[in-house]
Amino acid sequence: MPNQDEMIESLRQALSLSPDNLPLRLLLAENLLTVGRMEEAEREFTTALALSPNDAKVMASLAQAFFGGGKYSQALVIVEDLVKKPEPPPRALLIYCRLLLNEGKLALARDYYAKAIAAEHSLTDSSLEERLGLTGKDLTAKEGQTKEKQENTRRLGATACGDLSEFSVNNLLNDDEDDDESYEGNDLDFGELVENAGIGFADVGGMDTVKEQIRMKIIYPLQHPETFKAYGKKMGGGILLYGPPGCGKTYLARATAGEIKAGFIPIGLHQVLDMWIGASEKNLHSIFEIARKQKPTVLFFDEVDALAASRSDMKQSYHRHTINQFLNELDGVNTSNEGVLVLAATNAPWHLDPAFRRPGRFDKIIFVPPPDTQARASILRIILKGKPQDNIDFDFIAKKTEKFSGADLNALVEDCIEKKIEEAMSKGGEPRPITTKDLEKSSKNIKPSTLEWFSSARNYAIYSNESGLYDEIAKYLKL
């Protein structure tokens, strides 16, 4: 039998006689993909897509070639559209899983992996399952969920305040007779919540002042416990990160966990809020109990203002009960929180209940501003790493993007990449390197998302700053 290289050469010769033969070209591309010749596979799939526009399977294969070549943004552009289709190609689901895992979105990556192998079992990847922290039992449970439960999940999610967490839905649909015991969270698998951060402060561009404040509050007490004990300081407490959206608060929290080699537990609203009275409080208690048993852990609450809004603004009493439960957990009323490091992020600190800012709770409040010029250049280098480029002047682009958040910079690069792909498609599919001029042109299409935030923050810094909470904003705005 001919080896792989001979097979590829034979297919090329056949294609030279029949260049519009789509099955033949796809066979060549798949063989190139198999032997890891990603750039060649990419060219063949691009040509195949020109022969069969909007072919979802070909698009998924092209995305795989992009992913295999380290061109993650190009792969993401394709699969983000494919996974929204009623019947997405299983290969697209798997690639999206890998992209989500690279971004640290573990829970979502697990969901897409389960969908991929449920649609096509041959895509099972044991090494990927290990990275996802999945076992055969987990996957069987996910694949075996009945249609009735799925329908109930959709019905409950539609009537609750946001999507219900997998934890609360499983409890509501639990078939065990002893509902109360399961509802307390006793069956929760720690691996479902606790993640490996995977990054440290070295991976965070700029933010030196913010990093040092976190070191003093969280990292030094762990590294020098005797010194802190001598002064009666316990390890723990909370830090509230606030600032414009997209400026890296979540990334910084994850890097903090990585810096101290602690477990990272990211908590979203959907994992706490529940439609049933008393359920949200139980969810909160279960989450803190997991953190206490797995210490040291960094417990991170995103959009915490939605969980900890001022009680005077609450019309429903059960919302106030949730806030009171949150305060009790922070205080460690019935147990110790030592070793549990609580970080939270908010874009609207002015909506936070003042009780959360008392000593022992979120007593350290840190302003996370948009990245400065040097940090923007660093972020752009990270985003564009591995992508075709031609002597980009990162410092020049950084100066052109004042007040851009990290998310804005990512949007800038995505806009630029889309235009380069359009250009490549119009010229035979050959990838062309990104230039400084390309990025400068895209920078004019993206407006800083931070401007609207600072418009609101300015009013609070001028008219509602009796406590000095917004001094950092005033300093940044030079008020």
# chains A, B, ... in the order shown; residues from 1 in each chain; ligands from 1
>>> residues_around(residues="Lys211 (chain A)", least_positions_apart="5", cutoff="9 Å", atoms="only C-alpha atoms", output="PyMOL selection string")
chain A and resi 201+206+216+252+256
>>> write_last_selection(atoms="C-alpha atoms", output="PDB file, in the first residue's frame")
ATOM      1  CA  PHE A 201       0.615  37.502  37.012  1.00  0.00           C
ATOM      2  CA  GLY A 206       0.456  45.925  32.960  1.00  0.00           C
ATOM      3  CA  MET A 216      -0.362  42.503  49.983  1.00  0.00           C
ATOM      4  CA  LEU A 252      -6.778  39.100  36.966  1.00  0.00           C
ATOM      5  CA  THR A 256      -4.299  35.542  41.336  1.00  0.00           C
TER       6      THR A 256
END
>>> select_by_dssp(residues="region 276-368 of chain A", states="strand (DSSP E)", output="list of chain:residue names")
A:Thr297, A:Val298, A:Leu299, A:Phe300, A:Phe301, A:Val340, A:Leu341, A:Val342, A:Leu343, A:Ala344, A:Ala345, A:Thr346, A:Lys364, A:Ile365, A:Ile366, A:Phe367
>>> write_last_selection(atoms="C-alpha atoms", output="PDB file, in the first residue's frame")
ATOM      1  CA  THR A 297      -9.172  28.596  47.006  1.00  0.00           C
ATOM      2  CA  VAL A 298      -9.960  31.823  45.216  1.00  0.00           C
ATOM      3  CA  LEU A 299     -13.727  32.184  45.098  1.00  0.00           C
ATOM      4  CA  PHE A 300     -14.613  34.672  42.375  1.00  0.00           C
ATOM      5  CA  PHE A 301     -18.013  36.327  41.939  1.00  0.00           C
ATOM      6  CA  VAL A 340     -10.883  31.113  51.388  1.00  0.00           C
ATOM      7  CA  LEU A 341      -9.899  34.150  49.347  1.00  0.00           C
ATOM      8  CA  VAL A 342     -12.946  35.937  47.982  1.00  0.00           C
ATOM      9  CA  LEU A 343     -12.619  38.153  44.934  1.00  0.00           C
ATOM     10  CA  ALA A 344     -15.503  39.875  43.214  1.00  0.00           C
ATOM     11  CA  ALA A 345     -15.873  42.104  40.190  1.00  0.00           C
ATOM     12  CA  THR A 346     -18.403  44.769  39.368  1.00  0.00           C
ATOM     13  CA  LYS A 364     -10.148  46.094  49.953  1.00  0.00           C
ATOM     14  CA  ILE A 365     -11.626  47.863  46.942  1.00  0.00           C
ATOM     15  CA  ILE A 366      -9.377  48.160  43.891  1.00  0.00           C
ATOM     16  CA  PHE A 367      -9.964  50.239  40.781  1.00  0.00           C
TER      17      PHE A 367
END
>>> residues_around(residues="region 280-289 of chain A", least_positions_apart="5", cutoff="6 Å", atoms="only C-alpha atoms", output="compact mmCIF listing (two decimals) with C-alpha atoms, in the first residue's frame")
# COMPACT_ATOMS: atom_id res chain seq x y z
CA GLY A 185 -25.53 20.25 47.71
CA VAL A 272 -26.71 31.22 42.53
CA LEU A 273 -30.07 32.72 41.63
CA ASP A 274 -33.01 30.34 41.62
CA THR A 322 -30.08 36.22 49.50
CA GLN A 325 -27.01 34.94 53.35
>>> atom_distance(atom1="CA of Ala253 (chain A)", atom2="CA of Asp208 (chain A)")
14.1 Å
>>> residues_around(residues="Glu39 (chain A)", least_positions_apart="6", cutoff="12 Å", atoms="only C-alpha atoms", output="list in words")
Ala29, Leu32, Leu33, Phe45, Thr46, Leu62, Ala63, Gln64, Ala65, Phe66, Phe67, Gly68, Gly69, Gly70, Lys71, Pro388, Gly429, Glu430 and Pro431 of chain A
>>> residues_around(residues="Ile383 (chain A)", least_positions_apart="3", cutoff="7 Å", atoms="only C-alpha atoms", output="PyMOL selection string")
chain A and resi 379-380+410
>>> closest_residue(among="A:Lys295, A:Lys105, A:Ile117, A:Ser18", to="Pro266 (chain A)", atoms="only C-alpha atoms")
A:Lys105
>>> residues_around(residues="region 85-95 of chain A", least_positions_apart="5", cutoff="8 Å", atoms="only C-alpha atoms", output="number ranges by chain")
A: 56-57, 60-61, 63-64, 67, 79, 112-113, 115-117, 119-120, 123
>>> write_last_selection(atoms="N, CA and C atoms", output="mmCIF file, in the first residue's frame")
data_model
loop_
_atom_site.group_PDB
_atom_site.id
_atom_site.type_symbol
_atom_site.label_atom_id
_atom_site.label_comp_id
_atom_site.auth_asym_id
_atom_site.auth_seq_id
_atom_site.Cartn_x
_atom_site.Cartn_y
_atom_site.Cartn_z
ATOM 1 N N ALA A 56 -21.429 23.570 5.529
ATOM 2 C CA ALA A 56 -21.073 23.584 6.954
ATOM 3 C C ALA A 56 -19.941 22.610 7.271
ATOM 4 N N LYS A 57 -19.945 21.435 6.637
ATOM 5 C CA LYS A 57 -18.906 20.445 6.920
ATOM 6 C C LYS A 57 -17.536 20.921 6.430
ATOM 7 N N ALA A 60 -16.322 23.569 8.814
ATOM 8 C CA ALA A 60 -15.806 22.971 10.047
ATOM 9 C C ALA A 60 -14.405 22.409 9.837
ATOM 10 N N SER A 61 -14.184 21.799 8.669
ATOM 11 C CA SER A 61 -12.859 21.253 8.358
ATOM 12 C C SER A 61 -11.828 22.374 8.224
ATOM 13 N N ALA A 63 -11.989 25.230 9.745
ATOM 14 C CA ALA A 63 -11.757 25.692 11.117
ATOM 15 C C ALA A 63 -10.760 24.785 11.828
ATOM 16 N N GLN A 64 -10.844 23.473 11.577
ATOM 17 C CA GLN A 64 -9.901 22.546 12.201
ATOM 18 C C GLN A 64 -8.486 22.794 11.699
ATOM 19 N N PHE A 67 -7.293 25.850 13.452
ATOM 20 C CA PHE A 67 -6.977 25.544 14.853
ATOM 21 C C PHE A 67 -5.656 24.782 14.958
ATOM 22 N N VAL A 79 -16.380 28.798 13.702
ATOM 23 C CA VAL A 79 -17.191 27.888 14.534
ATOM 24 C C VAL A 79 -18.255 28.624 15.341
ATOM 25 N N TYR A 112 -19.914 21.583 25.436
ATOM 26 C CA TYR A 112 -19.765 21.409 23.989
ATOM 27 C C TYR A 112 -19.071 20.090 23.648
ATOM 28 N N TYR A 113 -18.189 19.621 24.531
ATOM 29 C CA TYR A 113 -17.574 18.315 24.297
ATOM 30 C C TYR A 113 -18.638 17.219 24.363
ATOM 31 N N LYS A 115 -21.805 17.517 23.778
ATOM 32 C CA LYS A 115 -22.640 17.618 22.583
ATOM 33 C C LYS A 115 -21.945 16.992 21.374
ATOM 34 N N ALA A 116 -20.637 17.218 21.268
ATOM 35 C CA ALA A 116 -19.880 16.718 20.115
ATOM 36 C C ALA A 116 -19.873 15.201 20.080
ATOM 37 N N ILE A 117 -19.558 14.567 21.216
ATOM 38 C CA ILE A 117 -19.463 13.101 21.188
ATOM 39 C C ILE A 117 -20.840 12.454 21.197
ATOM 40 N N ALA A 119 -23.198 13.575 19.347
ATOM 41 C CA ALA A 119 -23.546 13.611 17.918
ATOM 42 C C ALA A 119 -22.690 12.650 17.099
ATOM 43 N N GLU A 120 -21.429 12.461 17.513
ATOM 44 C CA GLU A 120 -20.515 11.580 16.769
ATOM 45 C C GLU A 120 -19.524 10.977 17.760
ATOM 46 N N LEU A 123 -15.547 10.926 17.894
ATOM 47 C CA LEU A 123 -14.745 12.107 18.242
ATOM 48 C C LEU A 123 -14.215 12.036 19.677
#
>>> closest_residue(among="A:Ile323, A:Gln4, A:Gly428, A:Val304", to="Gly36 (chain A)", atoms="only C-alpha atoms")
A:Gln4
>>> residues_around(residues="Pro370 (chain A)", least_positions_apart="2", cutoff="12 Å", atoms="only C-alpha atoms", output="PyMOL selection string")
chain A and resi 205-207+210+242-249+367-368+372-376+379+401-409+448-451+453-454+473+476-477
>>> write_last_selection(atoms="N, CA and C atoms", output="compact mmCIF listing (two decimals), in the first residue's frame")
# COMPACT_ATOMS: atom_id res chain seq x y z
N GLY A 205 -0.82 41.63 31.28
CA GLY A 205 -0.08 42.81 30.83
C GLY A 205 -0.39 44.04 31.67
N GLY A 206 0.65 44.71 32.17
CA GLY A 206 0.46 45.92 32.96
C GLY A 206 -0.16 45.65 34.32
N MET A 207 -0.98 46.60 34.81
CA MET A 207 -1.69 46.49 36.09
C MET A 207 -0.75 46.29 37.28
N VAL A 210 -2.22 47.38 40.70
CA VAL A 210 -3.29 46.47 41.12
C VAL A 210 -2.70 45.15 41.61
N TYR A 242 -13.25 46.79 40.71
CA TYR A 242 -14.27 47.52 39.96
C TYR A 242 -13.63 48.36 38.87
N GLY A 243 -14.40 48.65 37.86
CA GLY A 243 -13.91 49.45 36.76
C GLY A 243 -14.72 49.19 35.50
N PRO A 244 -14.31 49.77 34.38
CA PRO A 244 -15.06 49.59 33.13
C PRO A 244 -15.08 48.13 32.70
N PRO A 245 -16.12 47.71 31.97
CA PRO A 245 -16.16 46.33 31.49
C PRO A 245 -15.05 46.04 30.50
N GLY A 246 -14.60 44.79 30.49
CA GLY A 246 -13.61 44.37 29.50
C GLY A 246 -12.19 44.73 29.81
N CYS A 247 -11.90 45.13 31.06
CA CYS A 247 -10.54 45.57 31.39
C CYS A 247 -9.74 44.50 32.14
N GLY A 248 -10.22 43.28 32.18
CA GLY A 248 -9.41 42.19 32.70
C GLY A 248 -9.62 41.83 34.15
N LYS A 249 -10.77 42.19 34.73
CA LYS A 249 -10.99 41.88 36.14
C LYS A 249 -11.06 40.36 36.36
N PHE A 367 -9.54 49.73 42.08
CA PHE A 367 -9.96 50.24 40.78
C PHE A 367 -9.09 49.61 39.69
N VAL A 368 -9.74 48.99 38.71
CA VAL A 368 -9.02 48.38 37.57
C VAL A 368 -9.29 49.24 36.34
N ASP A 372 -2.86 50.92 30.23
CA ASP A 372 -2.12 52.09 29.75
C ASP A 372 -1.44 51.74 28.42
N THR A 373 -0.68 52.70 27.88
CA THR A 373 -0.08 52.52 26.55
C THR A 373 0.80 51.28 26.48
N GLN A 374 1.66 51.11 27.48
CA GLN A 374 2.57 49.97 27.49
C GLN A 374 1.79 48.66 27.59
N ALA A 375 0.77 48.65 28.43
CA ALA A 375 -0.03 47.44 28.61
C ALA A 375 -0.81 47.11 27.33
N ARG A 376 -1.31 48.15 26.64
CA ARG A 376 -2.05 47.90 25.39
C ARG A 376 -1.14 47.26 24.34
N ILE A 379 -0.77 43.64 25.35
CA ILE A 379 -1.99 42.88 25.07
C ILE A 379 -2.10 42.56 23.58
N THR A 401 -4.93 53.84 20.45
CA THR A 401 -6.07 53.17 21.07
C THR A 401 -6.25 53.60 22.53
N GLU A 402 -6.13 54.86 22.79
CA GLU A 402 -6.28 55.37 24.15
C GLU A 402 -7.68 55.07 24.69
N LYS A 403 -7.72 54.64 25.96
CA LYS A 403 -8.96 54.28 26.68
C LYS A 403 -9.61 52.99 26.16
N PHE A 404 -8.91 52.26 25.28
CA PHE A 404 -9.42 50.97 24.85
C PHE A 404 -9.26 49.97 25.99
N SER A 405 -10.28 49.16 26.20
CA SER A 405 -10.17 48.06 27.16
C SER A 405 -9.51 46.88 26.46
N GLY A 406 -9.18 45.83 27.24
CA GLY A 406 -8.63 44.62 26.63
C GLY A 406 -9.62 44.01 25.65
N ALA A 407 -10.90 44.05 26.01
CA ALA A 407 -11.94 43.52 25.12
C ALA A 407 -12.03 44.34 23.84
N ASP A 408 -11.85 45.66 23.95
CA ASP A 408 -11.88 46.52 22.76
C ASP A 408 -10.72 46.18 21.83
N LEU A 409 -9.54 45.92 22.42
CA LEU A 409 -8.37 45.56 21.62
C LEU A 409 -8.60 44.24 20.90
N PRO A 448 -13.98 53.05 21.88
CA PRO A 448 -13.72 52.54 23.23
C PRO A 448 -15.01 52.35 24.02
N SER A 449 -15.23 51.15 24.51
CA SER A 449 -16.45 50.87 25.28
C SER A 449 -16.38 51.48 26.68
N THR A 450 -15.22 51.96 27.07
CA THR A 450 -15.05 52.52 28.42
C THR A 450 -15.63 53.93 28.56
N LEU A 451 -15.84 54.61 27.44
CA LEU A 451 -16.24 56.03 27.50
C LEU A 451 -17.58 56.20 28.21
N TRP A 453 -18.91 54.21 30.40
CA TRP A 453 -18.75 53.90 31.83
C TRP A 453 -18.17 55.10 32.58
N PHE A 454 -17.16 55.71 32.01
CA PHE A 454 -16.54 56.85 32.68
C PHE A 454 -17.49 58.05 32.76
N ILE A 473 -11.00 56.98 40.71
CA ILE A 473 -11.63 57.42 39.46
C ILE A 473 -11.34 58.90 39.23
N TYR A 476 -7.82 59.28 38.09
CA TYR A 476 -7.65 58.83 36.71
C TYR A 476 -8.19 59.86 35.73
N LEU A 477 -9.34 60.47 36.07
CA LEU A 477 -9.97 61.46 35.20
C LEU A 477 -9.38 62.86 35.38
